[in-house]
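Peer 1: Mind having a look at this structure? Questions to follow.
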Amino acid sequence: MQIILILFIINFSFALENVSIEADKLEKDKEVLTASGNVIITFQSKILKSSKVIYNTETKKAALPEKFYIKTDTFEGYANSGWFDFENDTGEMYDYDGIVEKKYFVKGKYLKKEKDVYYFTSGEFSACPPSQYDWNVKASSGKIKEQDKLQAYNMRFNFCKIPILYTPYFSYPTTNRKSGLLTPTIGKDTYNTFIYKQPLFIVINDSSDTTFTLDYRNKQGVGSSIEYRKMFDKNIKLLSKIDFFKENEGKEWWQNRTQTPLSNRYRIYLETNYSYFQDWQFFTKLDFISDRYFFEDLYNDSQIKYTSFTKSYLMGRNETDKYQLELSFDYFYDLTTPNNKSTLQRLPEIRFYWKESKLFDLPIYYDFLSDNTYFYREEGTSGIRSDNILRLSNYTYFGKFINNLEISPEFTLYINSKDNNTLDRRFLIPIKDSLHTTFIKSYKNFNHLIIPKIIFEYINNIDQSNLPYYDIVDRINEKKDLTFQLYNILNFKNNNFLRWELSQGYTFLNYYFIGDNIYYSHIKPLKNSILLNIDKYSLDSTIFYDLEKKYMIRSISSLSFPINNYITYSLSYSHNKGTNYETAQKQLSNSISANYKNFSLNVNIINNIKYGYIQRKSFNLNWNRVCWSLTFGFWEDYNISTNKRYKNIYVMINILDIYYNFPFVKN
């Protein structure tokens, strides 16, 4: 049995680190050390293994006449022969096969490493492992620079062993911040039988970049978009985007619209934040579109098509430990109405909030909010509104019971909302008192918490019918409610949990509200709410049940569970009985997600049960080969309010597996 001995340790130092040589046999002739038999050389984080190594102590280089293995911080692989300089991180390798940056697989006849640059001849490059090797780049010569790019000459690109492309020069990024083409999208939608979108990513510097996208649609026309991003500081950024689209003749999508068809359509978007003054930070957003149908026509392949309004604003915020002060100008553009004349604008709005503080040495805490707005409508009520809320709260302990009392007097003043020098006011005194305790019992694998709670809520009754209408908070209903709640909570040590709430209420009035719907009764509905996550099972369900009329008023529930190791099924159901047939809603969603090896599938169907139609169908299949991926998708969406059905089919192939990071700021 051969015994491996550490025969010699070189005691001189490179960069304060020793070179260690282990071998079966070691011979020294002046400055030359010859190690043979299971040779292992270690220097800092570098490791070299071979059956024979000739090391020169003066030049600090290792000659490698036989097959060897080498590992550095950025390179790992094998070669038949070569040499390596441990101190300068340089060397030459012949007939090599290895990995650069733990991601890119390289092999070829000759490779020279100079710190972070690799020069090669007759080489191959791929992001696919050798066992897969779906695509690779072969070139007569070139170089790879770490965290930069691959440059290759006389390049041939092979995909699944089939030659796809030849070019005398080729560049491929080896970093996520490198200019180049992003993944294209090919498909069809409601208006077009062929769509092609090609984005181009351009790095300007470490803190800024831009994306230019060509958008071709065979029926609608041709468009483009430019998106610019800039990071000024850790929390200071700029995002701007310009969309422009030139429409073709025809314009069937403009049928039955009140607006005249447009040939040139656009969107100008800007969002940024900045800080010019001490303790002040400013936020700006601009969003202007050429017409109210812009999102519906040009973003009909996404949920953006249902955008109901755009918002532009300028806001300044000053925040200290004691208070927060905001000054803003808000402009809304309503996309759901024929014109914008009745849309509420806030020009300007001054909001002051004094943060929660203790009142003297009393066991009372207070905070104060004052919201002052000049609200404006081109047609409708305009004026000044000042809403002021003082909240007082007290926590009192009675043994194991905790009582929390909140009194929040609210004074609202309306000035010049009807005619000049008019004054309207409203004064409310909301009171909320809650009493609860907690029982805890510990078991081996979980803790059980039982929390009973009683809540009383009161809002005084005042006539608000003649007040100006600013928004929904200008009509606050009277309340005299008593609610009983019981929580059961199980906290498991493996992060599983269960929360179950049962609550029942009584109102001293003859009506109560759930959302915006009013129900006439003294007995409030029974609320049953369950939230659980146990292993791969999850449930989130809230049900309101009318005990007098014996039917369900409202339900929002979702359930997800595994069918087997690869397939998960999800079911969502929402039900809102409302006060009449028009306000009633019923919706059912079925989803299946499957994952098997490198395939993933997602199918979703949403049914509107009330009107008996399918609101949405979607299908997404992804084949992820790690170093490239193929995605096929389909969805169909029906909008009953406009009686339009949107369809979209798309294919995305990412062969070179390129993903890009957003701009960053250097430390």
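A note on labels: chains of the structure tokens are A, B, ... as shown, every chain counts residues from 1, and ligands are counted from 1 in their shown order.
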List the neighbours of Met93 in chain A out to 10 Å using only C-alpha atoms; skip same-chain residues closer than 5 positions along the sequence, and give me the result as a list in words.
Peer 2: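 That gives Leu64, Lys67, Phe68, Tyr78, Ala79, Asn80, Ser81, Gly82, Trp83, Phe84, Gly108, Lys109, Tyr110, Leu111, Lys112, Lys113 and Phe120 of chain A.
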Peer 1: Please, could you write that set of residues out with N, CA, C and O atoms as a PDB file, in the first residue's frame?
Peer 2:
```
ATOM      1  N   LEU A  64       3.535  21.824 -15.993  1.00  0.00           N
ATOM      2  CA  LEU A  64       2.602  20.704 -15.868  1.00  0.00           C
ATOM      3  C   LEU A  64       2.702  19.835 -17.118  1.00  0.00           C
ATOM      4  O   LEU A  64       1.950  19.998 -18.080  1.00  0.00           O
ATOM      5  N   LYS A  67      -1.403  15.364 -17.451  1.00  0.00           N
ATOM      6  CA  LYS A  67      -2.776  15.805 -17.231  1.00  0.00           C
ATOM      7  C   LYS A  67      -2.949  16.328 -15.805  1.00  0.00           C
ATOM      8  O   LYS A  67      -2.450  15.725 -14.857  1.00  0.00           O
ATOM      9  N   PHE A  68      -3.662  17.452 -15.667  1.00  0.00           N
ATOM     10  CA  PHE A  68      -3.810  18.061 -14.353  1.00  0.00           C
ATOM     11  C   PHE A  68      -5.223  18.641 -14.183  1.00  0.00           C
ATOM     12  O   PHE A  68      -5.964  18.859 -15.145  1.00  0.00           O
ATOM     13  N   TYR A  78      -9.908  20.715 -16.373  1.00  0.00           N
ATOM     14  CA  TYR A  78      -8.823  19.782 -16.642  1.00  0.00           C
ATOM     15  C   TYR A  78      -8.104  20.196 -17.917  1.00  0.00           C
ATOM     16  O   TYR A  78      -8.695  20.824 -18.814  1.00  0.00           O
ATOM     17  N   ALA A  79      -6.811  19.816 -18.007  1.00  0.00           N
ATOM     18  CA  ALA A  79      -6.032  20.031 -19.223  1.00  0.00           C
ATOM     19  C   ALA A  79      -4.958  18.946 -19.307  1.00  0.00           C
ATOM     20  O   ALA A  79      -4.567  18.353 -18.287  1.00  0.00           O
ATOM     21  N   ASN A  80      -4.479  18.681 -20.521  1.00  0.00           N
ATOM     22  CA  ASN A  80      -3.473  17.630 -20.703  1.00  0.00           C
ATOM     23  C   ASN A  80      -2.075  18.099 -20.332  1.00  0.00           C
ATOM     24  O   ASN A  80      -1.246  17.308 -19.881  1.00  0.00           O
ATOM     25  N   SER A  81      -1.797  19.377 -20.527  1.00  0.00           N
ATOM     26  CA  SER A  81      -0.481  19.913 -20.179  1.00  0.00           C
ATOM     27  C   SER A  81      -0.570  21.430 -20.132  1.00  0.00           C
ATOM     28  O   SER A  81      -1.567  22.030 -20.550  1.00  0.00           O
ATOM     29  N   GLY A  82       0.530  22.043 -19.608  1.00  0.00           N
ATOM     30  CA  GLY A  82       0.559  23.494 -19.551  1.00  0.00           C
ATOM     31  C   GLY A  82       1.429  23.988 -18.427  1.00  0.00           C
ATOM     32  O   GLY A  82       2.327  23.278 -17.948  1.00  0.00           O
ATOM     33  N   TRP A  83       1.222  25.216 -17.993  1.00  0.00           N
ATOM     34  CA  TRP A  83       1.944  25.789 -16.856  1.00  0.00           C
ATOM     35  C   TRP A  83       1.033  26.791 -16.156  1.00  0.00           C
ATOM     36  O   TRP A  83       0.048  27.266 -16.721  1.00  0.00           O
ATOM     37  N   PHE A  84       1.394  27.090 -14.878  1.00  0.00           N
ATOM     38  CA  PHE A  84       0.568  28.035 -14.130  1.00  0.00           C
ATOM     39  C   PHE A  84       1.425  28.796 -13.130  1.00  0.00           C
ATOM     40  O   PHE A  84       2.297  28.215 -12.475  1.00  0.00           O
ATOM     41  N   GLY A 108     -11.398  23.254 -25.485  1.00  0.00           N
ATOM     42  CA  GLY A 108     -10.716  23.531 -26.741  1.00  0.00           C
ATOM     43  C   GLY A 108      -9.272  23.082 -26.703  1.00  0.00           C
ATOM     44  O   GLY A 108      -8.826  22.393 -25.782  1.00  0.00           O
ATOM     45  N   LYS A 109      -8.518  23.508 -27.723  1.00  0.00           N
ATOM     46  CA  LYS A 109      -7.126  23.073 -27.857  1.00  0.00           C
ATOM     47  C   LYS A 109      -6.181  23.906 -27.012  1.00  0.00           C
ATOM     48  O   LYS A 109      -5.232  23.377 -26.424  1.00  0.00           O
ATOM     49  N   TYR A 110      -6.417  25.224 -26.921  1.00  0.00           N
ATOM     50  CA  TYR A 110      -5.448  26.085 -26.244  1.00  0.00           C
ATOM     51  C   TYR A 110      -6.188  27.179 -25.483  1.00  0.00           C
ATOM     52  O   TYR A 110      -7.121  27.801 -26.001  1.00  0.00           O
ATOM     53  N   LEU A 111      -5.742  27.394 -24.232  1.00  0.00           N
ATOM     54  CA  LEU A 111      -6.334  28.440 -23.404  1.00  0.00           C
ATOM     55  C   LEU A 111      -5.222  29.108 -22.606  1.00  0.00           C
ATOM     56  O   LEU A 111      -4.432  28.434 -21.938  1.00  0.00           O
ATOM     57  N   LYS A 112      -5.192  30.426 -22.673  1.00  0.00           N
ATOM     58  CA  LYS A 112      -4.240  31.199 -21.889  1.00  0.00           C
ATOM     59  C   LYS A 112      -5.013  32.094 -20.935  1.00  0.00           C
ATOM     60  O   LYS A 112      -5.896  32.847 -21.351  1.00  0.00           O
ATOM     61  N   LYS A 113      -4.671  32.010 -19.658  1.00  0.00           N
ATOM     62  CA  LYS A 113      -5.356  32.796 -18.634  1.00  0.00           C
ATOM     63  C   LYS A 113      -4.436  33.901 -18.145  1.00  0.00           C
ATOM     64  O   LYS A 113      -3.318  33.644 -17.711  1.00  0.00           O
ATOM     65  N   PHE A 120      -8.256  32.071 -26.207  1.00  0.00           N
ATOM     66  CA  PHE A 120      -8.367  30.679 -26.644  1.00  0.00           C
ATOM     67  C   PHE A 120      -8.252  30.572 -28.157  1.00  0.00           C
ATOM     68  O   PHE A 120      -8.475  31.551 -28.892  1.00  0.00           O
TER      69      PHE A 120
END
```
Peer 1: Extract, using only C-alpha atoms, all DNA, RNA and protein residues at most 9 Å from Thr34 in chain A, discarding same-chain residues fewer than 2 positions from it, and format them as a ChimeraX atom specification.
Peer 2: /A:25-29,32,36,52-56
Peer 1: Sort by chain and increasing residue number a table of all residues of range 512-542 of chain A within 12 Å of range 465-483 of chain A, each with its closest pair of atoms and their distance in Å to one decimal, counting only C-alpha atoms, and write it as JSON lines.
Peer 2:
```
{"residue": "A:Tyr512", "atom": "CA", "partner": "A:Lys479", "partner_atom": "CA", "distance": 7.9}
{"residue": "A:Phe513", "atom": "CA", "partner": "A:Asn477", "partner_atom": "CA", "distance": 9.0}
{"residue": "A:Gly515", "atom": "CA", "partner": "A:Ile472", "partner_atom": "CA", "distance": 11.9}
{"residue": "A:Asp516", "atom": "CA", "partner": "A:Ile472", "partner_atom": "CA", "distance": 10.0}
{"residue": "A:Ile518", "atom": "CA", "partner": "A:Asn477", "partner_atom": "CA", "distance": 10.5}
{"residue": "A:Ser521", "atom": "CA", "partner": "A:Asp481", "partner_atom": "CA", "distance": 11.8}
{"residue": "A:His522", "atom": "CA", "partner": "A:Asp481", "partner_atom": "CA", "distance": 9.3}
{"residue": "A:Ile523", "atom": "CA", "partner": "A:Asp481", "partner_atom": "CA", "distance": 9.9}
{"residue": "A:Lys524", "atom": "CA", "partner": "A:Thr483", "partner_atom": "CA", "distance": 8.7}
{"residue": "A:Pro525", "atom": "CA", "partner": "A:Thr483", "partner_atom": "CA", "distance": 10.4}
{"residue": "A:Leu526", "atom": "CA", "partner": "A:Thr483", "partner_atom": "CA", "distance": 10.2}
{"residue": "A:Lys527", "atom": "CA", "partner": "A:Thr483", "partner_atom": "CA", "distance": 10.5}
```
Peer 1: Excluding Phe294 in chain A and any residue of its chain fewer than 3 positions from it, enumerate the residues within 12 Å of it, using only C-alpha atoms, and give them as a ChimeraX atom specification.
Peer 2: /A:243-245,247,253-254,259,261-268,288-291,297-300,304-310,335
Peer 1: I'd like the contact shell of Val222 in chain A - 6 Å cut-off, only C-alpha atoms, skipping same-chain residues fewer than 5 positions apart - returned as a list in words.
Peer 2: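 Counting only the stated atoms, we get Asp215, Tyr216, Phe245 and Lys246 of chain A.
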Peer 1: Return as a ChimeraX atom specification the full set of residues in range 177-328 of chain A whose backbone-based DSSP assignment is strand (DSSP E).
Peer 2: /A:180-181,185-189,195-205,208-217,221-233,236-247,264-274,280-289,309-319,323-328
Peer 1: A:Lys358, A:Lys188, A:Arg317, A:Lys161: which is nearest Gly633 in chain A, counting only C-alpha atoms?
Peer 2: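 Answer, going by the shortest atom-to-atom distance: A:Lys188.
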Peer 1: Find the spatial neighbours of His575 in chain A, counting only C-alpha atoms, within a cut-off of 8 Å - ignore same-chain residues fewer than 3 positions away - and output them as a ChimeraX atom specification.
Peer 2: /A:553-556,584-587
Peer 1: Please write the residues from the selection above to a file, keeping C-alpha atoms, as a PDB file, in the first residue's frame.
Peer 2:
```pdb
ATOM      1  CA  ILE A 553     -74.387  37.003   2.221  1.00  0.00           C
ATOM      2  CA  ARG A 554     -70.757  37.084   1.174  1.00  0.00           C
ATOM      3  CA  SER A 555     -67.955  34.581   0.714  1.00  0.00           C
ATOM      4  CA  ILE A 556     -64.373  34.837  -0.466  1.00  0.00           C
ATOM      5  CA  ALA A 584     -75.092  40.220  -6.704  1.00  0.00           C
ATOM      6  CA  GLN A 585     -71.901  38.494  -7.864  1.00  0.00           C
ATOM      7  CA  LYS A 586     -70.706  34.901  -8.167  1.00  0.00           C
ATOM      8  CA  GLN A 587     -67.332  33.848  -9.527  1.00  0.00           C
TER       9      GLN A 587
END
```
Peer 1: To one decimal place, how far is CA of Val603 in chain A from CA of Ser618 in chain A in Å?
Peer 2: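 According to the coordinates, CA of Val603 in chain A and CA of Ser618 in chain A are separated by 5.7 Å.
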Peer 1: As a list in words, which residues of range 277-420 of chain A does DSSP assign to alpha helix (DSSP H)?
Peer 2: Phe294, Phe295, Glu296, Asp297 and Leu298 of chain A
Peer 1: Please provide the set of residues having any atom within 12 Å of Thr193 in chain A, restricted to only C-alpha atoms, with same-chain residues fewer than 2 positions apart removed, written as a list of chain:residue names.
Peer 2: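 The residues satisfying every condition are A:Ile186, A:Gly187, A:Lys188, A:Asp189, A:Thr190, A:Tyr191, A:Ile195, A:Tyr196, A:Tyr216, A:Arg217, A:Asn218, A:Lys219, A:Gln220, A:Lys647, A:Asn648, A:Ile649, A:Tyr650.
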Peer 1: Atoms to include: N, CA, C and O atoms. Write the selected residues as a short mmCIF file (atom, residue, chain, number, x, y, z; two decimals), in the first residue's frame.
Peer 2:
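Result saved to out.cif:
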```cif
data_model
loop_
_atom_site.label_atom_id
_atom_site.label_comp_id
_atom_site.auth_asym_id
_atom_site.auth_seq_id
_atom_site.Cartn_x
_atom_site.Cartn_y
_atom_site.Cartn_z
N ILE A 186 -43.11 36.49 -29.96
CA ILE A 186 -43.83 36.25 -31.22
C ILE A 186 -45.20 35.71 -30.87
O ILE A 186 -45.33 34.81 -30.03
N GLY A 187 -46.25 36.26 -31.50
CA GLY A 187 -47.59 35.76 -31.18
C GLY A 187 -48.67 36.42 -32.01
O GLY A 187 -48.41 37.02 -33.05
N LYS A 188 -49.90 36.28 -31.52
CA LYS A 188 -51.06 36.89 -32.15
C LYS A 188 -52.01 37.31 -31.04
O LYS A 188 -51.94 36.82 -29.91
N ASP A 189 -52.91 38.27 -31.36
CA ASP A 189 -53.86 38.70 -30.36
C ASP A 189 -55.20 38.99 -31.01
O ASP A 189 -55.47 38.58 -32.15
N THR A 190 -56.06 39.72 -30.30
CA THR A 190 -57.42 39.98 -30.76
C THR A 190 -57.44 40.67 -32.11
O THR A 190 -58.28 40.37 -32.97
N TYR A 191 -56.52 41.62 -32.31
CA TYR A 191 -56.56 42.46 -33.51
C TYR A 191 -55.60 42.00 -34.61
O TYR A 191 -55.73 42.43 -35.75
N ILE A 195 -47.64 39.12 -34.40
CA ILE A 195 -47.01 40.18 -33.61
C ILE A 195 -45.57 39.79 -33.35
O ILE A 195 -45.27 38.63 -33.05
N TYR A 196 -44.67 40.77 -33.49
CA TYR A 196 -43.27 40.54 -33.17
C TYR A 196 -42.76 41.73 -32.37
O TYR A 196 -42.84 42.88 -32.81
N TYR A 216 -44.02 45.34 -33.87
CA TYR A 216 -44.67 45.19 -35.19
C TYR A 216 -45.94 44.36 -35.05
O TYR A 216 -45.93 43.28 -34.44
N ARG A 217 -47.05 44.88 -35.60
CA ARG A 217 -48.33 44.18 -35.62
C ARG A 217 -48.89 44.26 -37.04
O ARG A 217 -49.03 45.36 -37.58
N ASN A 218 -49.18 43.11 -37.63
CA ASN A 218 -49.46 43.09 -39.07
C ASN A 218 -50.72 43.85 -39.46
O ASN A 218 -50.85 44.33 -40.59
N LYS A 219 -51.68 44.01 -38.56
CA LYS A 219 -52.90 44.75 -38.89
C LYS A 219 -52.93 46.14 -38.26
O LYS A 219 -53.34 47.10 -38.90
N GLN A 220 -52.49 46.24 -37.02
CA GLN A 220 -52.56 47.54 -36.35
C GLN A 220 -51.51 48.52 -36.84
O GLN A 220 -51.80 49.71 -36.98
N LYS A 647 -58.05 37.94 -27.10
CA LYS A 647 -57.31 36.69 -27.23
C LYS A 647 -55.84 37.00 -27.48
O LYS A 647 -55.51 37.98 -28.15
N ASN A 648 -54.98 36.15 -26.93
CA ASN A 648 -53.56 36.35 -27.13
C ASN A 648 -52.86 35.00 -27.13
O ASN A 648 -53.07 34.18 -26.23
N ILE A 649 -52.03 34.75 -28.14
CA ILE A 649 -51.19 33.56 -28.23
C ILE A 649 -49.76 34.04 -28.44
O ILE A 649 -49.51 34.88 -29.31
N TYR A 650 -48.82 33.51 -27.65
CA TYR A 650 -47.45 33.98 -27.78
C TYR A 650 -46.46 32.84 -27.57
O TYR A 650 -46.75 31.85 -26.89
#
```
Peer 1: Using only C-alpha atoms, which of the listed residues (A:Asn154, A:Thr396, A:Thr373, A:Ser557) sits closest to Leu413 in chain A?
Peer 2: A:Thr373
Peer 1: Set the distance at 8 Å and use only C-alpha atoms: which residues neighbour Leu532 in chain A once local chain neighbours fewer than 5 positions away are removed? I'd like the list as a ChimeraX atom specification.
Peer 2: /A:496-499,537-540
Peer 1: Could you state the separation of CA of Asp330 in chain A and CA of Leu347 in chain A in Å, given to one decimal place?
Peer 2: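 Those two atoms sit 6.1 Å apart.
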